[in-house]
>>> print(open('model_5.cif').read())   # mmCIF, C-alpha atoms and all ligand atoms
data_target
#
loop_
_atom_site.label_atom_id
_atom_site.label_comp_id
_atom_site.auth_asym_id
_atom_site.auth_seq_id
_atom_site.Cartn_x
_atom_site.Cartn_y
_atom_site.Cartn_z
CA MET K 25 0.00 0.00 0.00
CA HIS K 26 2.84 2.41 0.81
CA SER K 27 4.53 2.08 -2.56
CA LYS K 28 1.19 2.37 -4.40
CA PHE K 29 0.39 5.46 -2.37
CA ILE K 30 3.74 7.03 -3.22
CA SER K 31 3.14 6.41 -6.93
CA PHE K 32 -0.29 8.05 -6.83
CA ASP K 33 1.02 10.88 -4.67
CA THR K 34 3.88 11.60 -7.07
CA PHE K 35 1.61 11.43 -10.11
CA LEU K 36 -1.01 13.74 -8.60
CA SER K 37 1.47 16.18 -7.07
CA SER K 38 3.43 16.62 -10.26
CA HIS K 39 0.36 17.23 -12.44
CA GLN K 40 -1.78 19.46 -10.28
CA GLU K 41 -2.55 22.02 -12.98
CA TYR K 42 -4.23 19.28 -15.05
CA TRP K 43 -6.74 18.07 -12.49
CA ARG K 44 -7.15 20.84 -9.93
CA LEU K 45 -9.39 22.76 -12.24
CA ASP K 46 -13.01 23.58 -12.65
CA PRO K 47 -13.87 22.85 -16.30
CA PHE K 48 -16.99 25.06 -16.10
CA HIS K 49 -14.96 28.17 -15.31
CA LEU K 50 -11.78 27.26 -17.15
CA CYS K 51 -13.58 26.83 -20.49
CA GLN K 52 -14.50 30.52 -20.28
CA ALA K 53 -10.90 31.64 -19.65
CA SER K 54 -8.72 32.92 -22.46
CA THR K 55 -5.72 30.64 -21.77
CA LEU K 56 -5.19 27.23 -20.23
CA PRO K 57 -2.71 26.65 -17.39
CA TRP K 58 -0.72 24.23 -19.58
CA TYR K 59 -0.80 26.53 -22.61
CA ARG K 60 3.01 26.69 -22.85
CA ALA K 61 3.95 23.42 -21.16
CA LYS K 62 1.93 21.11 -23.41
CA PRO K 63 1.10 22.68 -26.79
CA ASN K 64 0.63 19.17 -28.22
CA LEU K 65 -2.13 18.48 -25.67
CA ASN K 66 -3.86 21.71 -26.76
CA ALA K 67 -3.56 20.76 -30.40
CA TRP K 68 -5.03 17.33 -29.72
CA LEU K 69 -7.93 18.78 -27.70
CA ASN K 70 -8.64 21.26 -30.47
CA SER K 71 -8.81 18.44 -33.00
CA LEU K 72 -11.66 16.68 -31.16
CA ASP K 73 -15.23 17.04 -32.36
CA SER K 74 -18.30 16.43 -30.22
CA SER K 75 -18.67 12.77 -31.18
CA SER K 76 -15.03 11.93 -30.39
CA ILE K 77 -15.36 13.76 -27.05
CA GLN K 78 -18.42 11.66 -26.21
CA SER K 79 -16.82 8.42 -27.27
CA LEU K 80 -13.65 9.09 -25.23
CA LYS K 81 -15.73 10.09 -22.24
CA SER K 82 -17.62 6.83 -22.32
CA CYS K 83 -14.53 4.68 -22.91
CA PRO K 84 -11.99 5.40 -20.14
CA SER K 85 -9.44 2.86 -21.39
CA LYS K 86 -9.33 4.52 -24.82
CA LEU K 87 -9.02 7.93 -23.17
CA VAL K 88 -6.11 6.77 -21.00
CA GLU K 89 -4.41 5.30 -24.08
CA GLU K 90 -4.66 8.67 -25.86
CA MET K 91 -3.56 10.63 -22.79
CA GLU K 92 -0.45 8.48 -22.21
CA ARG K 93 1.19 10.47 -25.02
CA PHE K 94 0.95 13.61 -22.91
CA PHE K 95 1.35 12.02 -19.45
CA PRO K 96 3.83 9.12 -19.76
CA MET K 97 3.41 8.22 -16.05
CA LEU K 98 -0.15 7.12 -16.87
CA GLU K 99 1.28 3.93 -18.36
CA SER K 100 2.20 2.61 -14.89
CA ILE K 101 -0.58 4.45 -13.00
CA LYS K 102 -3.32 2.78 -15.07
CA HIS K 103 -2.10 -0.64 -13.87
CA LEU K 104 -2.12 0.51 -10.26
CA CYS K 105 -5.73 1.62 -10.70
CA VAL K 106 -6.88 -1.93 -11.39
CA LEU K 107 -8.19 -3.35 -8.14
CA PRO K 108 -8.90 -7.02 -7.58
CA GLN K 109 -12.58 -7.56 -8.37
CA TYR K 110 -14.43 -9.34 -5.62
CA GLN K 111 -15.72 -12.66 -7.04
CA LEU K 112 -19.38 -13.15 -6.19
CA GLY K 113 -20.88 -16.57 -5.77
CA GLY K 114 -24.45 -15.29 -5.23
CA LEU K 115 -26.41 -15.29 -1.99
CA ASP K 116 -29.40 -17.47 -1.35
CA LEU K 117 -31.88 -14.93 0.01
CA PRO K 118 -34.86 -16.01 2.08
CA LYS K 119 -38.20 -14.94 0.60
CA GLY K 120 -38.95 -11.26 1.24
CA ALA K 121 -35.41 -10.33 2.45
CA ASP K 122 -35.13 -7.86 -0.43
CA VAL K 123 -38.51 -6.13 0.17
CA GLY K 124 -38.38 -2.43 -0.69
CA ILE K 125 -34.74 -2.41 -1.83
CA PRO K 126 -34.60 -0.66 -5.23
CA GLY K 127 -32.92 -2.53 -8.14
CA ARG K 128 -29.41 -1.09 -8.40
CA LYS K 129 -29.20 -0.65 -4.64
CA LEU K 130 -30.03 -4.32 -4.21
CA THR K 131 -27.15 -5.33 -6.50
CA GLN K 132 -24.75 -3.14 -4.46
CA ILE K 133 -26.03 -4.47 -1.16
CA LEU K 134 -25.85 -8.10 -2.19
CA ALA K 135 -22.28 -7.65 -3.44
CA MET K 136 -21.13 -5.71 -0.37
CA GLY K 137 -23.00 -8.14 1.90
CA GLU K 138 -21.43 -11.19 0.31
CA ALA K 139 -17.94 -9.70 0.58
CA ALA K 140 -18.48 -8.75 4.24
CA LEU K 141 -19.80 -12.25 5.02
CA ASP K 142 -16.74 -13.81 3.41
CA TYR K 143 -14.39 -11.62 5.39
CA HIS K 144 -16.41 -11.95 8.55
CA GLU K 145 -14.71 -11.97 11.94
CA GLY K 146 -16.60 -11.59 15.19
CA SER K 147 -20.00 -12.70 16.43
CA GLU K 148 -22.08 -9.58 15.78
CA TRP K 149 -22.44 -6.83 13.21
CA LEU K 150 -22.54 -3.06 13.51
CA GLU K 151 -24.15 -1.33 10.55
CA TRP K 152 -22.95 2.28 10.60
CA CYS K 153 -25.17 5.01 9.05
CA ALA K 154 -27.59 2.25 8.22
CA GLY K 155 -30.38 4.11 6.43
CA LYS K 156 -33.25 1.61 6.49
CA GLY K 157 -30.80 -1.19 7.28
CA PHE K 158 -30.89 -2.92 3.88
CA LEU K 159 -27.36 -4.26 4.27
CA GLY K 160 -27.96 -5.24 7.89
CA ARG K 161 -30.99 -7.27 6.82
CA ILE K 162 -28.89 -9.31 4.40
CA LEU K 163 -26.15 -9.84 7.01
CA SER K 164 -28.62 -10.82 9.70
CA SER K 165 -30.57 -13.23 7.51
CA GLN K 166 -27.41 -14.90 6.20
CA SER K 167 -25.38 -15.13 9.43
CA GLN K 168 -28.19 -15.36 12.02
CA GLN K 169 -26.08 -13.01 14.14
CA LYS K 170 -27.18 -9.87 15.91
CA VAL K 171 -27.01 -6.64 13.89
CA THR K 172 -26.98 -3.21 15.51
CA SER K 173 -28.03 -0.62 12.92
CA PHE K 174 -26.96 2.89 13.85
CA GLU K 175 -28.71 5.74 12.03
CA TRP K 176 -29.36 9.45 12.51
CA GLN K 177 -32.83 9.78 10.97
CA ASN K 178 -35.51 8.53 13.31
CA SER K 179 -38.01 7.84 10.52
CA LEU K 180 -35.51 5.47 8.85
CA CYS K 181 -34.90 3.73 12.19
CA ILE K 182 -38.65 3.23 12.71
CA ASN K 183 -39.16 2.00 9.17
CA GLY K 184 -36.10 -0.29 9.27
CA GLN K 185 -37.02 -1.75 12.67
CA ALA K 186 -40.58 -2.49 11.53
CA GLU K 187 -39.34 -4.38 8.46
CA ALA K 188 -36.71 -6.29 10.47
CA ASP K 189 -39.34 -7.29 13.05
CA LYS K 190 -41.69 -8.40 10.29
CA GLN K 191 -38.95 -10.66 8.95
CA SER K 192 -38.08 -11.85 12.50
CA LEU K 193 -34.50 -10.69 12.11
CA ASN K 194 -32.18 -10.17 15.07
CA MET K 195 -31.71 -6.47 14.31
CA GLN K 196 -31.75 -3.53 16.66
CA PHE K 197 -31.91 0.00 15.34
CA VAL K 198 -30.29 2.72 17.44
CA GLN K 199 -30.98 6.36 16.59
CA GLY K 200 -28.03 8.67 17.21
CA ASP K 201 -25.40 11.04 15.91
CA ALA K 202 -22.19 9.41 14.66
CA PHE K 203 -20.15 12.36 15.92
CA SER K 204 -21.48 12.39 19.47
CA ASP K 205 -19.78 10.54 22.32
CA THR K 206 -22.98 8.62 22.91
CA SER K 207 -22.40 6.76 19.63
CA ASP K 208 -19.52 4.98 21.42
CA HIS K 209 -22.14 3.01 23.35
CA VAL K 210 -23.13 1.01 20.26
CA PHE K 211 -19.62 -0.45 19.85
CA ASN K 212 -18.37 -3.67 21.38
CA SER K 213 -15.34 -5.83 20.65
CA CYS K 214 -17.38 -8.71 19.15
CA GLN K 215 -18.60 -6.67 16.18
CA HIS K 216 -17.66 -6.58 12.54
CA ALA K 217 -18.52 -2.99 11.49
CA VAL K 218 -19.87 -2.30 8.00
CA ALA K 219 -20.66 0.96 6.26
CA LEU K 220 -21.99 1.18 2.74
CA HIS K 221 -21.66 4.67 1.31
CA ALA K 222 -21.38 6.54 4.59
CA CYS K 223 -20.32 10.02 3.49
CA GLY K 224 -16.97 11.74 4.18
CA ASP K 225 -16.41 12.26 7.90
CA LEU K 226 -19.01 9.61 8.75
CA HIS K 227 -16.87 6.74 7.50
CA THR K 228 -13.56 8.18 8.75
CA GLU K 229 -15.17 8.58 12.18
CA LEU K 230 -16.13 4.91 12.01
CA LEU K 231 -12.51 3.90 11.30
CA ARG K 232 -11.36 5.84 14.36
CA LYS K 233 -13.98 4.25 16.57
CA VAL K 234 -13.31 0.77 15.20
CA SER K 235 -9.69 1.10 16.26
CA GLN K 236 -10.54 2.73 19.60
CA HIS K 237 -12.96 -0.09 20.51
CA ALA K 238 -10.69 -2.79 19.03
CA LEU K 239 -13.32 -4.31 16.73
CA PRO K 240 -12.19 -7.54 15.07
CA ALA K 241 -13.14 -6.38 11.55
CA VAL K 242 -14.43 -3.50 9.46
CA SER K 243 -15.64 -3.27 5.84
CA ILE K 244 -16.45 0.09 4.29
CA SER K 245 -17.26 1.44 0.89
CA PRO K 246 -16.45 5.17 1.04
CA CYS K 247 -18.28 7.95 -0.78
CA CYS K 248 -18.77 11.75 -0.80
CA TYR K 249 -15.19 12.49 0.26
CA HIS K 250 -15.97 16.23 0.28
CA LEU K 251 -18.55 16.03 3.07
CA ILE K 252 -16.14 16.95 5.82
CA GLN K 253 -16.26 19.47 8.62
CA SER K 254 -12.73 20.82 8.16
CA GLU K 255 -11.85 23.37 5.50
CA HIS K 256 -9.29 21.04 3.87
CA TYR K 257 -8.83 17.29 3.82
CA LEU K 258 -7.08 16.04 6.96
CA PRO K 259 -5.21 12.81 6.14
CA LEU K 260 -5.68 9.94 8.54
CA SER K 261 -2.49 7.95 8.05
CA GLU K 262 1.01 9.06 9.03
CA ARG K 263 2.22 8.50 5.46
CA ALA K 264 -0.49 10.66 3.87
CA LYS K 265 0.16 13.38 6.45
CA GLN K 266 3.65 13.71 4.94
CA SER K 267 2.23 14.36 1.48
CA LYS K 268 2.56 17.85 0.03
CA LEU K 269 -0.93 17.58 -1.47
CA GLU K 270 -3.44 19.82 0.24
CA LEU K 271 -6.91 18.87 -0.90
CA SER K 272 -9.77 21.36 -0.78
CA LYS K 273 -13.43 20.36 -0.66
CA SER K 274 -13.76 21.03 -4.37
CA ASP K 275 -10.74 18.76 -5.08
CA LEU K 276 -12.47 16.07 -3.03
CA ARG K 277 -15.50 16.27 -5.32
CA ILE K 278 -13.40 15.33 -8.36
CA PRO K 279 -13.61 11.52 -7.88
CA LEU K 280 -17.42 11.83 -7.74
CA GLN K 281 -17.80 13.49 -11.11
CA GLU K 282 -18.63 10.29 -12.93
CA THR K 283 -22.06 10.04 -14.45
CA VAL K 284 -21.99 6.38 -15.49
CA THR K 285 -25.12 5.60 -13.51
CA GLY K 286 -27.11 8.32 -15.30
CA GLY K 287 -29.03 7.23 -18.41
CA GLU K 288 -29.34 9.10 -21.73
CA ARG K 289 -32.06 11.36 -20.33
CA VAL K 290 -29.85 12.47 -17.44
CA LYS K 291 -26.99 13.17 -19.87
CA ARG K 292 -29.28 15.20 -22.17
CA HIS K 293 -30.55 17.29 -19.27
CA ARG K 294 -27.04 17.95 -18.04
CA GLN K 295 -25.91 19.03 -21.51
CA LEU K 296 -28.87 21.40 -21.87
CA GLU K 297 -28.52 22.88 -18.40
CA MET K 298 -24.75 23.45 -18.74
CA THR K 299 -25.23 24.98 -22.21
CA PHE K 300 -27.86 27.37 -20.81
CA ARG K 301 -25.70 28.31 -17.81
CA LEU K 302 -22.64 28.95 -19.98
CA GLY K 303 -24.71 30.90 -22.51
CA LEU K 304 -26.15 33.02 -19.70
CA CYS K 305 -22.63 33.80 -18.39
CA GLN K 306 -21.68 35.11 -21.84
CA LEU K 307 -24.88 37.13 -22.12
CA LEU K 308 -24.38 38.73 -18.70
CA LYS K 309 -20.73 39.52 -19.51
CA THR K 310 -21.48 41.17 -22.83
CA GLN K 311 -24.89 42.73 -22.28
CA VAL K 312 -24.83 43.67 -18.58
CA GLY K 313 -21.08 43.92 -17.86
CA ILE K 314 -21.18 41.26 -15.12
CA LYS K 315 -17.74 39.66 -15.38
CA GLN K 316 -17.73 37.58 -12.22
CA TYR K 317 -19.67 34.33 -11.95
CA ILE K 318 -23.20 34.64 -10.59
CA THR K 319 -24.56 31.56 -8.86
CA VAL K 320 -27.88 30.73 -10.43
CA PRO K 321 -30.07 28.46 -8.29
CA SER K 322 -30.75 24.92 -9.40
CA ILE K 323 -33.56 24.55 -11.88
CA LYS K 324 -36.32 21.97 -12.30
CA LYS K 325 -35.58 19.72 -15.26
CA SER K 326 -39.04 20.42 -16.68
CA GLN K 327 -38.22 24.16 -16.83
CA LEU K 328 -35.36 23.47 -19.26
CA ALA K 329 -37.89 22.41 -21.88
CA GLU K 330 -39.10 26.03 -22.02
CA GLY K 331 -35.90 26.99 -23.80
CA PHE K 332 -32.87 29.25 -23.38
CA LYS K 333 -34.72 32.58 -23.45
CA ALA K 334 -37.11 31.46 -20.69
CA PHE K 335 -34.12 30.21 -18.67
CA CYS K 336 -32.34 33.58 -18.94
CA LEU K 337 -35.47 35.54 -17.99
CA TRP K 338 -36.06 33.24 -15.01
CA ALA K 339 -32.42 33.49 -13.85
CA ALA K 340 -32.41 37.29 -14.24
CA ALA K 341 -35.60 37.55 -12.17
CA GLU K 342 -34.15 35.25 -9.49
CA LYS K 343 -30.99 37.37 -9.26
CA GLU K 344 -32.86 40.70 -9.68
CA ILE K 345 -30.85 41.61 -12.78
CA LYS K 346 -32.42 43.88 -15.37
CA LEU K 347 -31.69 42.65 -18.89
CA PRO K 348 -31.53 45.19 -21.75
CA THR K 349 -33.71 44.75 -24.84
CA PRO K 350 -33.52 43.51 -27.51
CA ILE K 351 -31.24 40.49 -26.93
CA ASP K 352 -30.29 37.94 -29.56
CA PHE K 353 -30.81 34.89 -27.33
CA GLY K 354 -30.00 32.49 -30.18
CA HIS K 355 -26.49 33.98 -30.43
CA TYR K 356 -25.74 33.39 -26.73
CA GLN K 357 -27.22 29.92 -26.81
CA GLN K 358 -24.79 29.09 -29.62
CA GLN K 359 -21.91 30.45 -27.52
CA GLY K 360 -23.15 28.30 -24.64
CA GLU K 361 -23.12 25.22 -26.87
CA ALA K 362 -19.58 25.89 -28.08
CA LEU K 363 -18.40 26.45 -24.50
CA TYR K 364 -20.13 23.26 -23.39
CA TRP K 365 -17.88 21.23 -25.71
CA GLU K 366 -14.82 23.17 -24.52
CA MET K 367 -15.79 22.28 -20.97
CA GLU K 368 -16.18 18.62 -21.90
CA LYS K 369 -12.70 18.60 -23.46
CA LEU K 370 -11.19 19.97 -20.27
CA SER K 371 -12.99 17.39 -18.20
CA LEU K 372 -11.42 14.67 -20.38
CA VAL K 373 -8.06 15.85 -19.09
CA GLN K 374 -9.28 15.86 -15.52
CA GLN K 375 -10.98 12.48 -15.96
CA VAL K 376 -7.73 10.49 -16.08
CA PHE K 377 -6.81 11.81 -12.63
CA ARG K 378 -10.13 10.95 -10.94
CA ARG K 379 -9.53 7.31 -10.07
CA PRO K 380 -5.90 7.92 -8.98
CA LEU K 381 -7.21 10.61 -6.62
CA GLU K 382 -9.92 8.31 -5.28
CA LEU K 383 -7.34 5.57 -4.73
CA TRP K 384 -5.03 8.04 -2.97
CA LEU K 385 -7.93 8.65 -0.55
CA ALA K 386 -8.74 4.93 -0.22
CA LEU K 387 -5.09 4.10 0.47
CA ASP K 388 -4.97 6.78 3.16
CA ARG K 389 -7.86 4.97 4.90
CA GLY K 390 -6.20 1.58 4.35
CA MET K 391 -2.81 2.75 5.68
CA TYR K 392 -4.52 4.26 8.70
CA LEU K 393 -6.11 0.91 9.51
CA GLN K 394 -2.74 -0.81 9.06
CA GLU K 395 -1.17 1.64 11.50
CA GLN K 396 -3.92 0.72 13.96
CA GLY K 397 -3.00 -2.98 13.77
CA TYR K 398 -5.32 -4.21 11.03
CA GLN K 399 -4.56 -6.41 8.03
CA VAL K 400 -6.06 -4.55 5.07
CA ASP K 401 -7.44 -5.49 1.66
CA ILE K 402 -8.65 -2.98 -0.91
CA SER K 403 -10.78 -4.37 -3.69
CA GLN K 404 -13.73 -3.58 -5.95
CA PHE K 405 -17.00 -5.12 -4.81
CA CYS K 406 -19.07 -4.48 -7.94
CA ASP K 407 -18.88 -3.12 -11.49
CA LYS K 408 -18.62 0.60 -12.10
CA GLN K 409 -21.97 0.43 -13.92
CA VAL K 410 -23.68 -0.64 -10.67
CA THR K 411 -22.04 2.20 -8.75
CA PRO K 412 -18.84 4.14 -9.48
CA ARG K 413 -18.30 4.18 -5.67
CA ASN K 414 -17.30 0.53 -5.75
CA ILE K 415 -14.17 0.46 -3.59
CA LEU K 416 -14.26 -1.92 -0.64
CA ILE K 417 -11.79 -1.39 2.18
CA HIS K 418 -11.65 -4.30 4.50
CA GLY K 419 -9.58 -4.63 7.65
CA HIS K 420 -9.32 -7.37 10.22
CA LYS K 421 -7.43 -7.07 13.46
CA ARG K 422 -4.04 -8.75 13.55
CA ASN K 423 -3.47 -10.94 16.59
C1 LIG H 1 -25.77 7.72 1.81
S1 LIG H 1 -26.77 7.14 3.10
C2 LIG H 1 -26.31 5.43 3.16
C3 LIG H 1 -27.39 4.61 3.81
C4 LIG H 1 -27.17 3.09 3.75
N1 LIG H 1 -25.91 2.70 4.29
C5 LIG H 1 -27.30 2.61 2.32
O1 LIG H 1 -26.33 2.37 1.64
O2 LIG H 1 -28.46 2.48 1.91
C6 LIG H 1 -25.99 7.81 4.53
C7 LIG H 1 -26.80 7.63 5.82
O3 LIG H 1 -26.09 8.27 6.89
C8 LIG H 1 -27.03 8.85 7.77
N2 LIG H 1 -26.38 9.90 8.57
C9 LIG H 1 -26.08 11.16 8.17
N3 LIG H 1 -25.51 11.84 9.19
C10 LIG H 1 -25.44 10.98 10.24
C11 LIG H 1 -24.94 11.12 11.56
N4 LIG H 1 -24.40 12.27 11.99
N5 LIG H 1 -25.02 10.06 12.37
C12 LIG H 1 -25.56 8.88 11.94
N6 LIG H 1 -26.05 8.70 10.69
C13 LIG H 1 -25.97 9.74 9.84
C14 LIG H 1 -28.08 9.40 6.82
O4 LIG H 1 -29.30 9.66 7.50
C15 LIG H 1 -28.18 8.28 5.78
O5 LIG H 1 -29.16 7.35 6.11
#
>>> encode(input="model_5.cif", output="structure tokens")
Amino acid sequence: MHSKFISFDTFLSSHQEYWRLDPFHLCQASTLPWYRAKPNLNAWLNSLDSSSIQSLKSCPSKLVEEMERFFPMLESIKHLCVLPQYQLGGLDLPKGADVGIPGRKLTQILAMGEAALDYHEGSEWLEWCAGKGFLGRILSSQSQQKVTSFEWQNSLCINGQAEADKQSLNMQFVQGDAFSDTSDHVFNSCQHAVALHACGDLHTELLRKVSQHALPAVSISPCCYHLIQSEHYLPLSERAKQSKLELSKSDLRIPLQETVTGGERVKRHRQLEMTFRLGLCQLLKTQVGIKQYITVPSIKKSQLAEGFKAFCLWAAAEKEIKLPTPIDFGHYQQQGEALYWEMEKLSLVQQVFRRPLELWLALDRGMYLQEQGYQVDISQFCDKQVTPRNILIHGHKRN
């Protein structure tokens, strides 16, 4: 893990101007940060049309192959990004165990559940930030062991407890705040702790408490790295603390910018909304003299169907901006469209750094557990199509 971490750290640290960027704003700037350093990268980006941008975006291996010309280190980094894929045998679920669990969520839960069962150490489970306890249900029904499901939202606890009781599962929901000292009461040294997609500080807090209470095992799948209380990322492991990388909350969002789980409709909406927002920026710059970015509130997808002009009038009313008349809205919409493709080109560059950054974060968690006396495995518990947040960090306490 240390040597992998050093490789990712070196790669990310030495290429910061290529990934620490916001494509939405950068596409509106007159020059790119690598304008002088990599003219061949600029030339290549300029040669791409919309269909090649889309095809590279949807085929990461092809994109990496192209980008290796500009970033030779990618050749070795791409191999380090391949995690062992957890091999699923398939669980035999009792009738009704999957009640109310939506399709893709069920696939994630079954995969995570099977991996946790395989790695299991201890005689109880602790389901951290349990939601309605879907994962806990699977673990309880398969292992017949007690599950404590800890969750903040009372309504989810009530709902989850009712379903567990209906299925006669040995599950106990506990309502509480993960960050309060009272959450320590749910831990005991017989538990294997699990957390599926507990956001940012919620899963790092779990790792701390697992070590503090000497749990025999822990399995987490991290997500939403940016949901942290501190201003910047605070590394957990001693090794990551030595890194020169200082990650802001917006840097921590970068690994989450994958839209693989969105269908064609979601993609179309995103394209339209970004085009409208970029077009509006140009209109405000030229017609009203507003040079700085104005945050326009989020918009209902149905409103987009009313067109660019309606969007601009709505946004101007929301921000109390008086627009001059007449305005050639078609002209600014066209500018928005052109900028949209510029933005997509820049995100192709950023895209090849996303997984390395996510693995840097996962390795920090893994190394922290190692430092606390755990044997650690990092793998992939399901396909990216099921969820791009598919990293499984598993630790079991060394004797
Ligand atoms: C992304 S959901 C994951 C839920 C569940 N593990 C799953 O995969 O279906 C995160 C859960 O954490 C809970 N949560 C948020 N803040 C919390 C806190 N401070 N203490 C305990 N739970 C919290 C939320 O209510 C939510 O149910």
>>> closest_atom_pairs(input="model_5.cif", of="chain K", to="ligand LIG 1 (chain H)", cutoff="9 Å", atoms="all atoms listed in the file", output="Markdown table")
| residue | atom | partner | partner_atom | distance |
| --- | --- | --- | --- | --- |
| K:Ile125 | CA | H:LIG1 | O2 | 8.8 |
| K:Lys129 | CA | H:LIG1 | O2 | 7.3 |
| K:Gln132 | CA | H:LIG1 | O1 | 8.4 |
| K:Ile133 | CA | H:LIG1 | O1 | 7.4 |
| K:Glu151 | CA | H:LIG1 | N1 | 7.7 |
| K:Trp152 | CA | H:LIG1 | N1 | 7.0 |
| K:Cys153 | CA | H:LIG1 | O3 | 4.0 |
| K:Ala154 | CA | H:LIG1 | N1 | 4.3 |
| K:Gly155 | CA | H:LIG1 | O5 | 3.5 |
| K:Lys156 | CA | H:LIG1 | O2 | 6.7 |
| K:Gly157 | CA | H:LIG1 | C4 | 6.6 |
| K:Phe158 | CA | H:LIG1 | O2 | 6.2 |
| K:Leu159 | CA | H:LIG1 | N1 | 7.1 |
| K:Gly160 | CA | H:LIG1 | N1 | 9.0 |
| K:Phe174 | CA | H:LIG1 | C12 | 6.4 |
| K:Glu175 | CA | H:LIG1 | N6 | 4.2 |
| K:Trp176 | CA | H:LIG1 | N6 | 3.9 |
| K:Gln177 | CA | H:LIG1 | O4 | 5.0 |
| K:Asn178 | CA | H:LIG1 | O4 | 8.6 |
| K:Leu180 | CA | H:LIG1 | O5 | 7.2 |
| K:Gln199 | CA | H:LIG1 | C12 | 7.6 |
| K:Gly200 | CA | H:LIG1 | C12 | 5.8 |
| K:Asp201 | CA | H:LIG1 | N5 | 3.7 |
| K:Ala202 | CA | H:LIG1 | N5 | 3.7 |
| K:Phe203 | CA | H:LIG1 | N4 | 5.8 |
| K:Ser204 | CA | H:LIG1 | N4 | 8.0 |
| K:Ser207 | CA | H:LIG1 | N5 | 8.4 |
| K:Val218 | CA | H:LIG1 | N1 | 8.7 |
| K:Ala219 | CA | H:LIG1 | N1 | 5.9 |
| K:Leu220 | CA | H:LIG1 | N1 | 4.5 |
| K:His221 | CA | H:LIG1 | C2 | 5.1 |
| K:Ala222 | CA | H:LIG1 | C6 | 4.8 |
| K:Cys223 | CA | H:LIG1 | C1 | 6.1 |
| K:Asp225 | CA | H:LIG1 | N4 | 9.0 |
| K:Leu226 | CA | H:LIG1 | C11 | 6.7 |
| K:Cys247 | CA | H:LIG1 | C1 | 7.9 |
| K:Cys248 | CA | H:LIG1 | C1 | 8.5 |
>>> closest_residue(input="model_5.cif", among="K:Leu383, K:Val210, K:Ala140, K:Ala67", to="Ala241 in chain K", atoms="all atoms listed in the file")
K:Ala140
>>> residues_around(input="model_5.cif", residues="range 321-323 of chain K", least_positions_apart="5", cutoff="10 Å", atoms="all atoms listed in the file", output="number ranges by chain")
K: 297, 328, 335, 338-339, 342-343
>>> write_last_selection(input="model_5.cif", atoms="C-alpha atoms", output="short mmCIF file (atom, residue, chain, number, x, y, z; two decimals), keeping the file's coordinate frame")
data_model
loop_
_atom_site.label_atom_id
_atom_site.label_comp_id
_atom_site.auth_asym_id
_atom_site.auth_seq_id
_atom_site.Cartn_x
_atom_site.Cartn_y
_atom_site.Cartn_z
CA GLU K 297 -28.52 22.88 -18.40
CA LEU K 328 -35.36 23.47 -19.26
CA PHE K 335 -34.12 30.21 -18.67
CA TRP K 338 -36.06 33.24 -15.01
CA ALA K 339 -32.42 33.49 -13.85
CA GLU K 342 -34.15 35.25 -9.49
CA LYS K 343 -30.99 37.37 -9.26
#
>>> closest_residue(input="model_5.cif", among="K:Leu385, K:Tyr143, K:Leu337, K:Ser164", to="His250 in chain K", atoms="all atoms listed in the file")
K:Leu385
>>> residues_near_point(input="model_5.cif", point="(-1.9, 16.0, -27.6)", cutoff="12 Å", atoms="only C-alpha atoms", output="PDB file with C-alpha atoms, in the frame of the given file")
ATOM      1  CA  TRP K  58      -0.720  24.230 -19.580  1.00  0.00           C
ATOM      2  CA  TYR K  59      -0.800  26.530 -22.610  1.00  0.00           C
ATOM      3  CA  ALA K  61       3.950  23.420 -21.160  1.00  0.00           C
ATOM      4  CA  LYS K  62       1.930  21.110 -23.410  1.00  0.00           C
ATOM      5  CA  PRO K  63       1.100  22.680 -26.790  1.00  0.00           C
ATOM      6  CA  ASN K  64       0.630  19.170 -28.220  1.00  0.00           C
ATOM      7  CA  LEU K  65      -2.130  18.480 -25.670  1.00  0.00           C
ATOM      8  CA  ASN K  66      -3.860  21.710 -26.760  1.00  0.00           C
ATOM      9  CA  ALA K  67      -3.560  20.760 -30.400  1.00  0.00           C
ATOM     10  CA  TRP K  68      -5.030  17.330 -29.720  1.00  0.00           C
ATOM     11  CA  LEU K  69      -7.930  18.780 -27.700  1.00  0.00           C
ATOM     12  CA  ASN K  70      -8.640  21.260 -30.470  1.00  0.00           C
ATOM     13  CA  SER K  71      -8.810  18.440 -33.000  1.00  0.00           C
ATOM     14  CA  LEU K  72     -11.660  16.680 -31.160  1.00  0.00           C
ATOM     15  CA  LEU K  87      -9.020   7.930 -23.170  1.00  0.00           C
ATOM     16  CA  GLU K  89      -4.410   5.300 -24.080  1.00  0.00           C
ATOM     17  CA  GLU K  90      -4.660   8.670 -25.860  1.00  0.00           C
ATOM     18  CA  MET K  91      -3.560  10.630 -22.790  1.00  0.00           C
ATOM     19  CA  GLU K  92      -0.450   8.480 -22.210  1.00  0.00           C
ATOM     20  CA  ARG K  93       1.190  10.470 -25.020  1.00  0.00           C
ATOM     21  CA  PHE K  94       0.950  13.610 -22.910  1.00  0.00           C
ATOM     22  CA  PHE K  95       1.350  12.020 -19.450  1.00  0.00           C
ATOM     23  CA  PRO K  96       3.830   9.120 -19.760  1.00  0.00           C
ATOM     24  CA  LYS K 369     -12.700  18.600 -23.460  1.00  0.00           C
ATOM     25  CA  VAL K 373      -8.060  15.850 -19.090  1.00  0.00           C
TER      26      VAL K 373
END
>>> closest_residue(input="model_5.cif", among="K:Gln396, K:Gln374, K:Thr55, K:Ser79", to="His237 in chain K", atoms="all atoms listed in the file")
K:Gln396
>>> residues_around(input="model_5.cif", residues="range 211-214 of chain K", least_positions_apart="2", cutoff="6 Å", atoms="only C-alpha atoms", output="PyMOL selection string")
chain K and resi 146-148+208-209+238-239
